[in-house]
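Shown next: start_12.pdb, containing PDB, C-alpha atoms and all ligand atoms.
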MODEL        1
ATOM      1  CA  MET Q1379       9.622 -52.011  28.228  1.00  0.00           C
ATOM      2  CA  ILE Q1380       8.032 -48.845  26.791  1.00  0.00           C
ATOM      3  CA  PHE Q1381       6.842 -46.276  29.314  1.00  0.00           C
ATOM      4  CA  THR Q1382       4.199 -43.646  28.666  1.00  0.00           C
ATOM      5  CA  MET Q1383       4.766 -40.313  30.346  1.00  0.00           C
ATOM      6  CA  PRO Q1384       1.711 -38.845  32.054  1.00  0.00           C
ATOM      7  CA  THR Q1385       0.052 -35.801  30.591  1.00  0.00           C
ATOM      8  CA  ASP Q1386      -1.283 -32.792  32.490  1.00  0.00           C
ATOM      9  CA  GLU Q1387      -4.758 -34.247  32.853  1.00  0.00           C
ATOM     10  CA  HIS Q1388      -3.330 -37.238  34.726  1.00  0.00           C
ATOM     11  CA  ILE Q1389      -1.904 -35.100  37.514  1.00  0.00           C
ATOM     12  CA  ARG Q1390      -3.745 -33.047  40.121  1.00  0.00           C
ATOM     13  CA  VAL Q1391      -2.833 -31.461  43.439  1.00  0.00           C
ATOM     14  CA  ARG Q1392      -4.821 -32.084  46.624  1.00  0.00           C
ATOM     15  CA  ARG Q1393      -4.340 -32.089  50.410  1.00  0.00           C
ATOM     16  CA  LEU Q1394      -2.713 -35.169  51.894  1.00  0.00           C
ATOM     17  CA  SER Q1395      -5.550 -37.260  53.330  1.00  0.00           C
ATOM     18  CA  PRO Q1396      -5.547 -39.438  56.480  1.00  0.00           C
ATOM     19  CA  THR Q1397      -5.825 -42.518  54.243  1.00  0.00           C
ATOM     20  CA  ASP Q1398      -2.619 -41.678  52.339  1.00  0.00           C
ATOM     21  CA  SER Q1399       0.430 -43.623  53.461  1.00  0.00           C
ATOM     22  CA  VAL Q1400       3.031 -41.541  55.297  1.00  0.00           C
ATOM     23  CA  VAL Q1401       5.474 -44.403  54.784  1.00  0.00           C
ATOM     24  CA  GLU Q1402       5.030 -44.084  51.006  1.00  0.00           C
ATOM     25  CA  LEU Q1403       5.314 -40.301  51.238  1.00  0.00           C
ATOM     26  CA  THR Q1404       8.571 -40.700  53.176  1.00  0.00           C
ATOM     27  CA  GLY Q1405       9.856 -43.115  50.524  1.00  0.00           C
ATOM     28  CA  LEU Q1406       9.133 -40.498  47.856  1.00  0.00           C
ATOM     29  CA  LEU Q1407      11.074 -37.884  49.863  1.00  0.00           C
ATOM     30  CA  HIS Q1408      14.045 -40.231  50.181  1.00  0.00           C
ATOM     31  CA  ARG Q1409      14.046 -41.026  46.446  1.00  0.00           C
ATOM     32  CA  ALA Q1410      13.787 -37.367  45.424  1.00  0.00           C
ATOM     33  CA  TYR Q1411      16.363 -36.000  47.872  1.00  0.00           C
ATOM     34  CA  ALA Q1412      18.857 -38.741  46.901  1.00  0.00           C
ATOM     35  CA  LYS Q1413      19.934 -36.242  44.229  1.00  0.00           C
ATOM     36  CA  GLN Q1414      21.271 -33.949  46.980  1.00  0.00           C
ATOM     37  CA  THR Q1415      22.746 -36.879  48.906  1.00  0.00           C
ATOM     38  CA  ALA Q1416      24.760 -37.687  45.776  1.00  0.00           C
ATOM     39  CA  MET Q1417      26.137 -34.128  45.981  1.00  0.00           C
ATOM     40  CA  GLY Q1418      27.238 -34.779  49.580  1.00  0.00           C
ATOM     41  CA  LEU Q1419      24.368 -32.740  51.045  1.00  0.00           C
ATOM     42  CA  HIS Q1420      22.521 -34.408  53.918  1.00  0.00           C
ATOM     43  CA  ALA Q1421      19.056 -32.835  53.916  1.00  0.00           C
ATOM     44  CA  LEU Q1422      16.774 -34.041  56.708  1.00  0.00           C
ATOM     45  CA  ALA Q1423      14.140 -35.172  54.176  1.00  0.00           C
ATOM     46  CA  SER Q1424      16.672 -37.483  52.516  1.00  0.00           C
ATOM     47  CA  HIS Q1425      16.732 -39.839  55.470  1.00  0.00           C
ATOM     48  CA  GLN Q1426      13.997 -38.892  57.963  1.00  0.00           C
ATOM     49  CA  ALA Q1427      11.866 -41.671  59.456  1.00  0.00           C
ATOM     50  CA  PRO Q1428       8.088 -41.778  58.784  1.00  0.00           C
ATOM     51  CA  GLU Q1429       7.473 -40.542  62.349  1.00  0.00           C
ATOM     52  CA  VAL Q1430       9.486 -37.422  61.535  1.00  0.00           C
ATOM     53  CA  THR Q1431       7.477 -36.920  58.335  1.00  0.00           C
ATOM     54  CA  ARG Q1432       4.291 -37.301  60.378  1.00  0.00           C
ATOM     55  CA  LYS Q1433       5.459 -34.740  62.924  1.00  0.00           C
ATOM     56  CA  ARG Q1434       6.499 -32.257  60.235  1.00  0.00           C
ATOM     57  CA  ILE Q1435       3.238 -32.549  58.287  1.00  0.00           C
ATOM     58  CA  SER Q1436       1.236 -32.003  61.478  1.00  0.00           C
ATOM     59  CA  LYS Q1437       2.598 -28.450  61.580  1.00  0.00           C
ATOM     60  CA  GLY Q1438       0.873 -27.213  58.443  1.00  0.00           C
ATOM     61  CA  GLU Q1439      -0.857 -28.194  55.233  1.00  0.00           C
ATOM     62  CA  CYS Q1440       0.735 -30.985  53.244  1.00  0.00           C
ATOM     63  CA  PHE Q1441      -0.196 -31.085  49.562  1.00  0.00           C
ATOM     64  CA  VAL Q1442       0.421 -33.950  47.179  1.00  0.00           C
ATOM     65  CA  ALA Q1443       0.473 -34.296  43.407  1.00  0.00           C
ATOM     66  CA  VAL Q1444      -1.325 -37.502  42.513  1.00  0.00           C
ATOM     67  CA  MET Q1445      -2.038 -39.510  39.395  1.00  0.00           C
ATOM     68  CA  PRO Q1446      -4.116 -42.651  38.754  1.00  0.00           C
ATOM     69  CA  ALA Q1447      -2.274 -45.866  39.618  1.00  0.00           C
ATOM     70  CA  GLU Q1448      -2.796 -47.156  36.087  1.00  0.00           C
ATOM     71  CA  ALA Q1449      -1.071 -44.130  34.529  1.00  0.00           C
ATOM     72  CA  ALA Q1450       1.691 -44.285  37.157  1.00  0.00           C
ATOM     73  CA  ARG Q1451       2.368 -47.919  36.282  1.00  0.00           C
ATOM     74  CA  ALA Q1452       2.437 -47.030  32.586  1.00  0.00           C
ATOM     75  CA  ALA Q1453       5.026 -44.360  33.425  1.00  0.00           C
ATOM     76  CA  GLY Q1454       7.235 -47.001  35.034  1.00  0.00           C
ATOM     77  CA  LEU Q1455       6.532 -46.149  38.673  1.00  0.00           C
ATOM     78  CA  ASP Q1456       6.165 -48.825  41.343  1.00  0.00           C
ATOM     79  CA  VAL Q1457       2.507 -49.444  42.106  1.00  0.00           C
ATOM     80  CA  PRO Q1458       1.231 -52.240  44.380  1.00  0.00           C
ATOM     81  CA  ALA Q1459      -0.199 -55.109  42.305  1.00  0.00           C
ATOM     82  CA  ASP Q1460      -3.564 -54.865  44.080  1.00  0.00           C
ATOM     83  CA  ALA Q1461      -3.974 -51.085  43.602  1.00  0.00           C
ATOM     84  CA  ALA Q1462      -7.228 -50.127  41.868  1.00  0.00           C
ATOM     85  CA  PRO Q1463      -6.460 -48.583  38.436  1.00  0.00           C
ATOM     86  CA  ASP Q1464      -8.033 -45.260  39.420  1.00  0.00           C
ATOM     87  CA  SER Q1465      -6.580 -45.101  42.947  1.00  0.00           C
ATOM     88  CA  ASP Q1466      -4.148 -42.279  43.632  1.00  0.00           C
ATOM     89  CA  ARG Q1467      -0.390 -42.755  43.375  1.00  0.00           C
ATOM     90  CA  ILE Q1468       1.458 -39.850  45.056  1.00  0.00           C
ATOM     91  CA  VAL Q1469       4.121 -38.466  42.716  1.00  0.00           C
ATOM     92  CA  GLY Q1470       5.015 -35.194  44.414  1.00  0.00           C
ATOM     93  CA  THR Q1471       4.622 -33.293  47.644  1.00  0.00           C
ATOM     94  CA  ILE Q1472       5.015 -29.888  49.256  1.00  0.00           C
ATOM     95  CA  MET Q1473       4.470 -28.812  52.830  1.00  0.00           C
ATOM     96  CA  PHE Q1474       2.931 -25.382  53.399  1.00  0.00           C
ATOM     97  CA  GLN Q1475       3.207 -23.569  56.713  1.00  0.00           C
ATOM     98  CA  GLU Q1476       1.536 -20.432  57.925  1.00  0.00           C
ATOM     99  CA  PRO Q1477       3.700 -18.045  59.926  1.00  0.00           C
ATOM    100  CA  SER Q1478       3.270 -19.561  63.363  1.00  0.00           C
ATOM    101  CA  TRP Q1479       6.827 -20.015  64.541  1.00  0.00           C
ATOM    102  CA  GLY Q1480       6.646 -22.878  67.058  1.00  0.00           C
ATOM    103  CA  GLY Q1481      10.291 -23.008  68.076  1.00  0.00           C
ATOM    104  CA  ALA Q1482      12.222 -21.041  70.664  1.00  0.00           C
ATOM    105  CA  PRO Q1483      12.110 -17.273  70.010  1.00  0.00           C
ATOM    106  CA  GLU Q1484      15.796 -17.148  69.113  1.00  0.00           C
ATOM    107  CA  SER Q1485      15.781 -20.302  66.960  1.00  0.00           C
ATOM    108  CA  GLY Q1486      15.134 -20.714  63.247  1.00  0.00           C
ATOM    109  CA  PRO Q1487      15.641 -18.141  60.508  1.00  0.00           C
ATOM    110  CA  ARG Q1488      14.572 -14.637  61.571  1.00  0.00           C
ATOM    111  CA  TRP Q1489      12.625 -14.260  58.325  1.00  0.00           C
ATOM    112  CA  PHE Q1490      10.333 -17.164  59.314  1.00  0.00           C
ATOM    113  CA  HIS Q1491       9.328 -15.321  62.510  1.00  0.00           C
ATOM    114  CA  ARG Q1492       7.592 -12.573  60.563  1.00  0.00           C
ATOM    115  CA  PRO Q1493       3.778 -12.685  60.767  1.00  0.00           C
ATOM    116  CA  ASP Q1494       3.339 -12.040  57.038  1.00  0.00           C
ATOM    117  CA  VAL Q1495       5.732 -14.733  55.743  1.00  0.00           C
ATOM    118  CA  ALA Q1496       4.435 -18.228  54.948  1.00  0.00           C
ATOM    119  CA  ASN Q1497       6.914 -20.919  53.998  1.00  0.00           C
ATOM    120  CA  PHE Q1498       7.131 -24.317  52.372  1.00  0.00           C
ATOM    121  CA  SER Q1499       9.399 -27.340  52.802  1.00  0.00           C
ATOM    122  CA  MET Q1500       9.607 -31.067  51.981  1.00  0.00           C
ATOM    123  CA  PHE Q1501       9.219 -30.200  48.303  1.00  0.00           C
ATOM    124  CA  ALA Q1502       9.800 -33.300  46.199  1.00  0.00           C
ATOM    125  CA  VAL Q1503       8.837 -34.943  42.928  1.00  0.00           C
ATOM    126  CA  GLU Q1504       9.245 -38.587  41.965  1.00  0.00           C
ATOM    127  CA  PRO Q1505      12.650 -38.686  40.193  1.00  0.00           C
ATOM    128  CA  ARG Q1506      11.269 -40.340  37.062  1.00  0.00           C
ATOM    129  CA  LEU Q1507       8.801 -37.461  36.635  1.00  0.00           C
ATOM    130  CA  GLN Q1508      11.113 -34.552  37.472  1.00  0.00           C
ATOM    131  CA  GLY Q1509      11.603 -31.800  34.919  1.00  0.00           C
ATOM    132  CA  ARG Q1510       8.042 -32.153  33.577  1.00  0.00           C
ATOM    133  CA  GLY Q1511       6.305 -29.371  35.445  1.00  0.00           C
ATOM    134  CA  VAL Q1512       4.985 -31.275  38.487  1.00  0.00           C
ATOM    135  CA  GLY Q1513       7.186 -29.211  40.822  1.00  0.00           C
ATOM    136  CA  VAL Q1514       5.955 -25.913  39.394  1.00  0.00           C
ATOM    137  CA  LEU Q1515       2.366 -27.161  39.733  1.00  0.00           C
ATOM    138  CA  LEU Q1516       2.970 -27.738  43.475  1.00  0.00           C
ATOM    139  CA  LEU Q1517       4.805 -24.436  43.828  1.00  0.00           C
ATOM    140  CA  ASP Q1518       1.935 -22.540  42.171  1.00  0.00           C
ATOM    141  CA  HIS Q1519      -0.467 -24.255  44.527  1.00  0.00           C
ATOM    142  CA  VAL Q1520       1.242 -23.082  47.729  1.00  0.00           C
ATOM    143  CA  GLU Q1521       1.739 -19.616  46.275  1.00  0.00           C
ATOM    144  CA  LYS Q1522      -2.015 -19.442  45.643  1.00  0.00           C
ATOM    145  CA  ARG Q1523      -2.667 -20.682  49.191  1.00  0.00           C
ATOM    146  CA  ALA Q1524      -0.349 -18.022  50.654  1.00  0.00           C
ATOM    147  CA  ARG Q1525      -2.134 -15.304  48.649  1.00  0.00           C
ATOM    148  CA  GLU Q1526      -5.537 -16.588  49.836  1.00  0.00           C
ATOM    149  CA  LEU Q1527      -4.332 -16.164  53.414  1.00  0.00           C
ATOM    150  CA  GLY Q1528      -3.170 -12.608  52.709  1.00  0.00           C
ATOM    151  CA  MET Q1529       0.532 -13.366  53.131  1.00  0.00           C
ATOM    152  CA  ARG Q1530       3.011 -10.798  51.840  1.00  0.00           C
ATOM    153  CA  GLU Q1531       5.817 -13.304  51.272  1.00  0.00           C
ATOM    154  CA  LEU Q1532       6.347 -16.985  50.497  1.00  0.00           C
ATOM    155  CA  ALA Q1533       9.687 -18.269  51.762  1.00  0.00           C
ATOM    156  CA  LEU Q1534      11.779 -21.437  51.689  1.00  0.00           C
ATOM    157  CA  SER Q1535      15.021 -22.832  53.000  1.00  0.00           C
ATOM    158  CA  THR Q1536      17.312 -24.606  50.571  1.00  0.00           C
ATOM    159  CA  ALA Q1537      20.834 -26.015  50.476  1.00  0.00           C
ATOM    160  CA  GLU Q1538      23.014 -23.114  49.361  1.00  0.00           C
ATOM    161  CA  PRO Q1539      25.562 -25.400  47.634  1.00  0.00           C
ATOM    162  CA  ASP Q1540      22.828 -26.764  45.315  1.00  0.00           C
ATOM    163  CA  THR Q1541      23.336 -23.858  42.933  1.00  0.00           C
ATOM    164  CA  LYS Q1542      21.085 -25.254  40.184  1.00  0.00           C
ATOM    165  CA  LEU Q1543      18.211 -25.558  42.615  1.00  0.00           C
ATOM    166  CA  VAL Q1544      18.852 -22.023  43.906  1.00  0.00           C
ATOM    167  CA  GLN Q1545      18.700 -20.851  40.284  1.00  0.00           C
ATOM    168  CA  PHE Q1546      15.429 -22.784  39.802  1.00  0.00           C
ATOM    169  CA  TYR Q1547      13.911 -20.682  42.620  1.00  0.00           C
ATOM    170  CA  ARG Q1548      15.466 -17.427  41.340  1.00  0.00           C
ATOM    171  CA  ASN Q1549      13.893 -18.079  37.945  1.00  0.00           C
ATOM    172  CA  ARG Q1550      10.552 -18.218  39.728  1.00  0.00           C
ATOM    173  CA  GLY Q1551      10.844 -14.891  41.524  1.00  0.00           C
ATOM    174  CA  PHE Q1552      12.520 -15.891  44.789  1.00  0.00           C
ATOM    175  CA  ARG Q1553      15.353 -13.700  46.134  1.00  0.00           C
ATOM    176  CA  ASP Q1554      18.048 -14.371  48.747  1.00  0.00           C
ATOM    177  CA  VAL Q1555      17.110 -13.171  52.234  1.00  0.00           C
ATOM    178  CA  GLU Q1556      19.518 -14.691  54.775  1.00  0.00           C
ATOM    179  CA  ARG Q1557      21.630 -17.742  55.568  1.00  0.00           C
ATOM    180  CA  HIS Q1558      20.815 -20.199  58.323  1.00  0.00           C
ATOM    181  CA  ASP Q1559      22.402 -23.200  59.991  1.00  0.00           C
ATOM    182  CA  TRP Q1560      19.627 -25.573  61.073  1.00  0.00           C
ATOM    183  CA  GLY Q1561      22.108 -27.741  62.957  1.00  0.00           C
ATOM    184  CA  VAL Q1562      20.718 -30.954  61.448  1.00  0.00           C
ATOM    185  CA  THR Q1563      22.355 -30.658  58.036  1.00  0.00           C
ATOM    186  CA  ASN Q1564      25.977 -30.530  56.878  1.00  0.00           C
ATOM    187  CA  TYR Q1565      25.537 -27.332  54.850  1.00  0.00           C
ATOM    188  CA  LEU Q1566      24.442 -23.756  55.245  1.00  0.00           C
ATOM    189  CA  SER Q1567      20.874 -23.082  54.106  1.00  0.00           C
ATOM    190  CA  LEU Q1568      19.835 -20.161  52.004  1.00  0.00           C
ATOM    191  CA  ILE Q1569      16.528 -18.575  52.974  1.00  0.00           C
ATOM    192  CA  MET Q1570      14.780 -17.317  49.837  1.00  0.00           C
ATOM    193  CA  SER Q1571      11.519 -15.426  49.581  1.00  0.00           C
ATOM    194  CA  LYS Q1572       9.073 -14.219  46.964  1.00  0.00           C
ATOM    195  CA  SER Q1573       7.001 -11.085  47.374  1.00  0.00           C
ATOM    196  CA  LEU Q1574       3.297 -11.713  46.847  1.00  0.00           C
ATOM    197  CA  VAL Q1575       2.393  -8.052  46.937  1.00  0.00           C
ATOM    198  CA  GLY Q1576       1.432  -6.344  43.720  1.00  0.00           C
ATOM    199  CA  ASP Q1577       1.323  -8.905  40.931  1.00  0.00           C
ATOM    200  CA  ALA Q1578      -1.505 -11.424  41.307  1.00  0.00           C
TER
HETATM  201  C1  LIG Q1601      12.981 -29.404  43.096  1.00  0.00           C
HETATM  202  C2  LIG Q1601      11.916 -30.327  42.511  1.00  0.00           C
HETATM  203  C3  LIG Q1601      10.799 -30.553  43.543  1.00  0.00           C
HETATM  204  C4  LIG Q1601      11.326 -29.665  41.266  1.00  0.00           C
HETATM  205  O1  LIG Q1601      10.326 -30.512  40.710  1.00  0.00           O
HETATM  206  P1  LIG Q1601      10.259 -30.796  39.139  1.00  0.00           P
HETATM  207  O2  LIG Q1601       8.979 -31.491  38.878  1.00  0.00           O
HETATM  208  O3  LIG Q1601      11.486 -31.442  38.689  1.00  0.00           O
HETATM  209  O4  LIG Q1601      10.192 -29.305  38.599  1.00  0.00           O
HETATM  210  P2  LIG Q1601       9.553 -28.818  37.245  1.00  0.00           P
HETATM  211  O5  LIG Q1601       9.620 -29.881  36.207  1.00  0.00           O
HETATM  212  O6  LIG Q1601       8.215 -28.247  37.536  1.00  0.00           O
HETATM  213  O7  LIG Q1601      10.583 -27.679  36.972  1.00  0.00           O
HETATM  214  C5  LIG Q1601      10.450 -26.750  35.971  1.00  0.00           C
HETATM  215  C6  LIG Q1601      11.762 -26.359  35.459  1.00  0.00           C
HETATM  216  O8  LIG Q1601      12.822 -26.355  36.399  1.00  0.00           O
HETATM  217  C7  LIG Q1601      13.836 -27.244  35.997  1.00  0.00           C
HETATM  218  N1  LIG Q1601      14.298 -27.893  37.196  1.00  0.00           N
HETATM  219  C8  LIG Q1601      13.602 -28.744  37.940  1.00  0.00           C
HETATM  220  N2  LIG Q1601      14.375 -29.146  38.996  1.00  0.00           N
HETATM  221  C9  LIG Q1601      15.564 -28.510  38.901  1.00  0.00           C
HETATM  222  C10 LIG Q1601      16.759 -28.517  39.667  1.00  0.00           C
HETATM  223  N3  LIG Q1601      16.899 -29.273  40.758  1.00  0.00           N
HETATM  224  N4  LIG Q1601      17.780 -27.745  39.277  1.00  0.00           N
HETATM  225  C11 LIG Q1601      17.648 -27.000  38.180  1.00  0.00           C
HETATM  226  N5  LIG Q1601      16.553 -26.946  37.402  1.00  0.00           N
HETATM  227  C12 LIG Q1601      15.524 -27.703  37.752  1.00  0.00           C
HETATM  228  C13 LIG Q1601      13.185 -28.163  35.039  1.00  0.00           C
HETATM  229  O9  LIG Q1601      14.100 -28.694  34.106  1.00  0.00           O
HETATM  230  C14 LIG Q1601      12.213 -27.241  34.380  1.00  0.00           C
HETATM  231  O10 LIG Q1601      12.841 -26.410  33.463  1.00  0.00           O
HETATM  232  P3  LIG Q1601      12.002 -25.553  32.423  1.00  0.00           P
HETATM  233  O11 LIG Q1601      11.085 -24.658  33.192  1.00  0.00           O
HETATM  234  O12 LIG Q1601      13.035 -24.792  31.713  1.00  0.00           O
HETATM  235  O13 LIG Q1601      11.266 -26.556  31.601  1.00  0.00           O
HETATM  236  C15 LIG Q1601      12.497 -31.712  42.110  1.00  0.00           C
HETATM  237  O14 LIG Q1601      13.531 -31.517  41.195  1.00  0.00           O
HETATM  238  C16 LIG Q1601      13.007 -32.526  43.288  1.00  0.00           C
HETATM  239  O15 LIG Q1601      12.262 -33.328  43.847  1.00  0.00           O
HETATM  240  N6  LIG Q1601      14.283 -32.345  43.638  1.00  0.00           N
HETATM  241  C17 LIG Q1601      14.903 -33.101  44.727  1.00  0.00           C
HETATM  242  C18 LIG Q1601      14.429 -32.634  46.083  1.00  0.00           C
HETATM  243  C19 LIG Q1601      14.758 -31.188  46.314  1.00  0.00           C
HETATM  244  O16 LIG Q1601      15.845 -30.722  46.073  1.00  0.00           O
HETATM  245  N7  LIG Q1601      13.751 -30.445  46.821  1.00  0.00           N
HETATM  246  C20 LIG Q1601      13.840 -29.024  47.101  1.00  0.00           C
HETATM  247  C21 LIG Q1601      14.514 -28.760  48.373  1.00  0.00           C
HETATM  248  S1  LIG Q1601      14.534 -27.025  48.789  1.00  0.00           S
ENDMDL
END
Give the structure from this file in structure tokens form.
Amino acid sequence: MIFTMPTDEHIRVRRLSPTDSVVELTGLLHRAYAKQTAMGLHALASHQAPEVTRKRISKGECFVAVMPAEAARAAGLDVPADAAPDSDRIVGTIMFQEPSWGGAPESGPRWFHRPDVANFSMFAVEPRLQGRGVGVLLLDHVEKRARELGMRELALSTAEPDTKLVQFYRNRGFRDVERHDWGVTNYLSLIMSKSLVGDA
């Protein structure tokens, strides 16, 4: 079987809509985070139930990278047989949150409590399409959103032992801020942040 990789014009980023399937979105998270599971890292997104995905996306703005079902099928992705050729197949996601810390005052990373720091999480790209720029497209999108809202910083929490991923963020202007134990993972998380002040 010959697969055709999608080109830039196939992929666009939009808000998750109420008609998108949270079950499918959760499946995408599981497939993407399996990479970390293979490293022995148990990220919440690697095994969370759809209800947990639903609860997490209710706390902010969830964006998805989508491509037409026909192009997704040509790229070797699973697409339901009855999907219309131009219907959207979700191939990536990122969850953007404004700085409205909803947890207990002493919980969570201190950096996330700041009123000028937005953050993102549940960042994932369909494994077959990784390394082709879809992740950076999503990252650019939330950075633009944070700038629109006048945020001074865009932050994230990542598994510190995943050194290649940490480097991926460093290459894109994120610096180390603090370490945090979320209590639901088996590793220490590194909180990284990018200044949005100055360069536009
Ligand atoms: C992290 C992730 C979302 C990035 O998406 P992606 O579509 O693969 O990223 P891109 O193709 O836009 O990445 C651009 C570059 O980073 C590199 N890169 C991507 N993921 C990388 C990783 N995990 N480690 C090191 N480098 C990586 C790509 O090779 C590419 O290199 P280039 O700029 O030299 O061409 C994706 O790899 C993923 O789903 N990973 C598993 C889930 C995960 O770890 N999420 C983040 C939790 S904090």
Suppose a student applies the PyMOL selection byres (((chain Q and resi 1515) around 12) and not hetatm) to this structure; what residues should they get, written as number ranges by chain? Q: 1386, 1389-1392, 1441-1444, 1469-1472, 1501-1503, 1508-1514, 1516-1522
What do you get, as a list of chain:residue names, if you spell out every residue that the PyMOL selection byres (((chain Q and resi 1448) around 10) and not hetatm) selects here? Q:Met1445, Q:Pro1446, Q:Ala1447, Q:Ala1449, Q:Ala1450, Q:Arg1451, Q:Ala1452, Q:Ala1453, Q:Leu1455, Q:Val1457, Q:Ala1461, Q:Ala1462, Q:Pro1463, Q:Asp1464, Q:Ser1465, Q:Asp1466, Q:Arg1467
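Here atom CA of Q:Gly1528 stands at a distance of 16.1 Å from atom CA of Q:His1491.
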Expanded to explicit residues, what is the PyMOL selection byres (((chain Q and resi 1493) around 10) and not hetatm) for this file, as an MDAnalysis selection string? chainID Q and resid 1476:1479 1489:1492 1494:1496 1529:1531
Which residue, Q:Glu1538, Q:Glu1526, Q:Glu1387, Q:Asp1456, has the smallest gap to ligand LIG 1601 (chain Q) when you use only C-alpha atoms and all ligand atoms?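 So, comparing all the options, the nearest one is Q:Glu1538.
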Within 9 Å of stretch 1558-1575 of chain Q, counting all atoms listed in the file, which residues show up once you throw out same-chain ones fewer than 6 positions away? Write them as a PyMOL selection string, please. chain Q and resi 1418-1422+1485-1490+1495+1497+1521+1524-1525+1528-1539+1544+1547-1548+1550-1552
Of Q:Arg1432, Q:Gly1438, Q:Gly1454, Q:Ser1399, the one nearest to Q:Leu1507 when counting all atoms listed in the file is Q:Gly1454
What does the distance between atom CA of Q:Arg1506 and atom CA of Q:Val1400 come to in Å, to one decimal place? 20.0 Å
Nearest-residue call for ligand LIG 1601 (chain Q), choices Q:Arg1409, Q:Arg1553, Q:Arg1393, Q:His1425, using only C-alpha atoms and all ligand atoms: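 Counting only C-alpha atoms and all ligand atoms, the residue closest to ligand LIG 1601 (chain Q) is Q:Arg1409.
Distance-wise, atom N5 of ligand LIG 1601 (chain Q) and atom CA of Q:Thr1541 end up 9.3 Å apart.
Distances to Q:Thr1431 were evaluated for Q:Leu1406, Q:Leu1527, Q:Ala1412, Q:Val1555 using only C-alpha atoms, and the minimum falls at Q:Leu1406.
You can rank Q:Pro1384, Q:Pro1396, Q:Gly1405, Q:Pro1505 by their closest distance to ligand LIG 1601 (chain Q) using all atoms listed in the file, and at the top of that list sits Q:Pro1505.
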